[in-house]
Structure formats: structure tokens, C-alpha cells
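Remarks on the structure that follows.
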Amino acid sequence: TPKKYYPHIMIGLTFLSSISLIITKGLYGSYALILPFNCVNAFAIGGLLAYYKYDPSHYRLFNKILNFLFILAIILFLFSKLQDVYIPFLRVVNCLISVKIIQIIIEGKYGKLAGKFINNVLLIHLGKLTYGLYLFHYIVPTLYQGIVNKAYNNGIISISIRTTLNHYYISYVLMLIILYLLSLGSFHLFEKRFLRLKKHFEYNRPEKETVAKTI
């Protein structure tokens, strides 16, 4: 059946998307990070977790491979940050770490202290806005800088205020506020409308298919 080819497709897309990112980054710089196909590797890696979660016969092996890749990803991530070295497959590294954390959360493999943090009201609220946070986080710095520069060029703010607004910590906090407000507006004005459509769909799991038990 076509379903058995899903893992091969996901792995292939992860590889091709990563190669595409390396090539286009040399052409377009940091803008290559937001090109649609270059982001596919993140979704493909998450798709592998979703696929094997509903495939008990191979989930144990997948879990072992993921654990190994998670440790390797942690090492590469720390190496890149501590040595200030660029790793071509850094997005894959970040995704592997994220997928493992997601797996730990959905399977409840955390202690009471971590549970209090995960089930925090503020974190749950931000969890509803994650799509907007993901979608807008890359454009907010450009938007913020454009507003500050335009306000200065039009004589609305003085150079001292501009310098203050461009201060690393102040600008960081203000950009976080802008990002939050954009994500909140997106959730209430757009996303909730589409979420209501879920009532028109129903997922029926095949009779022989069972969710993989926590390993």
C-alpha cells in the first residue's frame, strides 16, 4: 500500500529540503530560511514521529534511532554555539531536538516539576498561538526596524529615542510584544474560524491500527 512508502518519502523530503536550503542560502542569504520547500524538512521529521506513533510494530526501533539522533543533535547544537561554527544541517539538528521534546510531552515522560511547567496556564495560552508565533517571528524584526527608521526619518522621534528603541534588550522586549499581539490577533481573527471547521471532519482509525504504547 502507498502508506508503507511514507517513511521513505519523509526521509527523502528531509534530505532534499536540507540540500535546497544549503544551496539557496548561498544565493539569498538568511531569506532562504523562509522559502517554502526549505521548511519541508521540519514538517517531514515531525511527520515521521506521527507515522511511527501509530505503527507499534516499528515504533520501538524508531524510538531507539530517535534517541541516538537526539543525543547527536544535542552535541552538534552545543558545538555550533560554543565554537561559533555554522552547521549546514542546523535546522535538522533543531528539529530532532524539538521532536524528541514533543515525544516526551505527548507520552507524559516527565516529572512533577516539569509537569507543572508544561501545564502552566500561561504556557497553555501561548500554545494556542504557536502557529502565529512561528509564522510571524521572522518578519517582526524587519517590521520593527522599518517602523523605527520611518518614524525617525519623518521626524516623529529624535535620535536619542531611536537609539533607545534600537538598544538590544529594549528592542528584543518590544519585538516580543509585537509578535505576541500579531499572533493573538491572527488566532482570534483567522485561525479560530478554520478550527471550527474541524467539526465537519471525523478521523476513523482502522480497526487493526492501534496507537503505539509508550516505550
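Ligands are numbered from 1 in the order shown, chains are lettered A, B, ... in the order of the C-alpha cells, and residues start at 1 in each chain.
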From a DSSP pass on the backbone, collect the residues of range 22-187 of chain A flagged as helix (DSSP H, G or I) and hand them back as a PyMOL selection string. chain A and resi 22-34+36-53+56-82+90-106+112-118+121-128+130-136+140-153+159-165+168-187
Find the residues around Ser20 in chain A up to 10 Å (only C-alpha atoms counted), leave out those fewer than 6 positions away in its own chain, and share them as a compact mmCIF listing (two decimals) with C-alpha atoms, in the first residue's frame.
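Saved the output as selection21.txt:
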```txt
# COMPACT_ATOMS: atom_id res chain seq x y z
CA THR A 14 14.11 15.93 4.72
CA ALA A 32 16.47 31.14 2.18
CA LEU A 35 11.43 29.58 1.32
CA PHE A 37 10.43 23.94 0.28
CA ASN A 38 13.37 24.70 2.58
CA CYS A 39 10.99 24.39 5.55
```
For range 168-184 of chain A, work out the shell of residues within 6 Å, counting only C-alpha atoms and skipping chain neighbours fewer than 5 positions away, then give it as number ranges by chain. A: 129, 132-133
Write the residues of the preceding selection, restricted to N, CA and C atoms, as a JSON list (two decimals), in the first residue's frame.
```json
[["chain", "number", "residue", "atom", "x", "y", "z"],
["A", 129, "LEU", "N", -1.20, 29.92, 20.43],
["A", 129, "LEU", "CA", -0.72, 30.93, 19.49],
["A", 129, "LEU", "C", 0.53, 30.48, 18.73],
["A", 132, "GLY", "N", 0.92, 31.28, 14.94],
["A", 132, "GLY", "CA", 1.19, 32.69, 14.69],
["A", 132, "GLY", "C", 2.60, 33.07, 15.11],
["A", 133, "LEU", "N", 3.05, 32.54, 16.25],
["A", 133, "LEU", "CA", 4.41, 32.82, 16.70],
["A", 133, "LEU", "C", 5.43, 32.32, 15.69]]
```
Just to confirm, what's the straight-line distance from CA of Leu96 in chain A to CA of Lys81 in chain A in Å (one decimal)?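 Computed distance, CA of Leu96 in chain A to CA of Lys81 in chain A, equals 16.5 Å.
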Identify, on the basis of only C-alpha atoms, every residue whose closest approach to Tyr31 in chain A does not exceed 10 Å; exclude the query and any residue fewer than 4 positions from it along the same chain; express the result as JSON, numbers by chain. {"A": [21, 24, 25, 27, 35, 138]}
Selection: 10 Å around Phe43 in chain A, only C-alpha atoms, excl. self and same-chain fewer than 2 positions, as a CSV table (one decimal) with N, CA, C and O atoms, in the first residue's frame:
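Generated output (selection_22.csv):
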```csv
chain,number,residue,atom,x,y,z
A,10,MET,N,9.2,10.8,3.6
A,10,MET,CA,9.5,11.8,4.6
A,10,MET,C,11.1,12.0,4.8
A,10,MET,O,11.6,13.1,4.9
A,13,LEU,N,12.3,13.8,1.6
A,13,LEU,CA,12.0,15.2,1.6
A,13,LEU,C,12.9,16.0,2.6
A,13,LEU,O,13.3,17.1,2.4
A,14,THR,N,13.2,15.3,3.7
A,14,THR,CA,14.1,15.9,4.7
A,14,THR,C,15.5,16.2,4.1
A,14,THR,O,16.0,17.3,4.2
A,39,CYS,N,11.6,24.6,4.2
A,39,CYS,CA,11.0,24.4,5.5
A,39,CYS,C,10.4,23.0,5.7
A,39,CYS,O,9.9,22.6,6.7
A,40,VAL,N,10.3,22.3,4.5
A,40,VAL,CA,9.7,21.0,4.5
A,40,VAL,C,10.3,20.0,5.4
A,40,VAL,O,9.7,19.1,6.0
A,41,ASN,N,11.7,20.1,5.6
A,41,ASN,CA,12.4,19.1,6.4
A,41,ASN,C,11.8,19.1,7.9
A,41,ASN,O,11.8,18.0,8.5
A,45,ILE,N,10.2,15.6,9.5
A,45,ILE,CA,10.7,15.0,10.7
A,45,ILE,C,9.6,14.8,11.7
A,45,ILE,O,9.4,13.8,12.3
A,46,GLY,N,8.7,15.8,11.8
A,46,GLY,CA,7.6,15.7,12.7
A,46,GLY,C,6.6,14.6,12.2
A,46,GLY,O,6.0,13.9,12.9
A,47,GLY,N,6.5,14.6,10.8
A,47,GLY,CA,5.6,13.6,10.2
A,47,GLY,C,6.1,12.1,10.5
A,47,GLY,O,5.2,11.2,10.7
A,48,LEU,N,7.4,11.9,10.6
A,48,LEU,CA,7.9,10.6,11.0
A,48,LEU,C,7.4,10.2,12.4
A,48,LEU,O,7.1,9.0,12.6
A,95,CYS,N,15.3,20.5,14.7
A,95,CYS,CA,14.1,19.7,14.6
A,95,CYS,C,14.1,18.4,15.4
A,95,CYS,O,13.1,18.0,16.0
```
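Among A:Tyr51, A:Ile23, A:Phe68, A:Lys128, the residue with the shortest atom-to-atom distance to Pro7 in chain A, counting only C-alpha atoms, is A:Tyr51.
When only C-alpha atoms are used to compute distances to Phe187 in chain A, the closest of the residues A:Asn63, A:Thr130, A:Ser18, A:Ser57 turns out to be A:Thr130.
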Pairwise distance for CA of Pro36 in chain A and CA of Pro2 in chain A, rounded to one decimal in Å: 24.6 Å
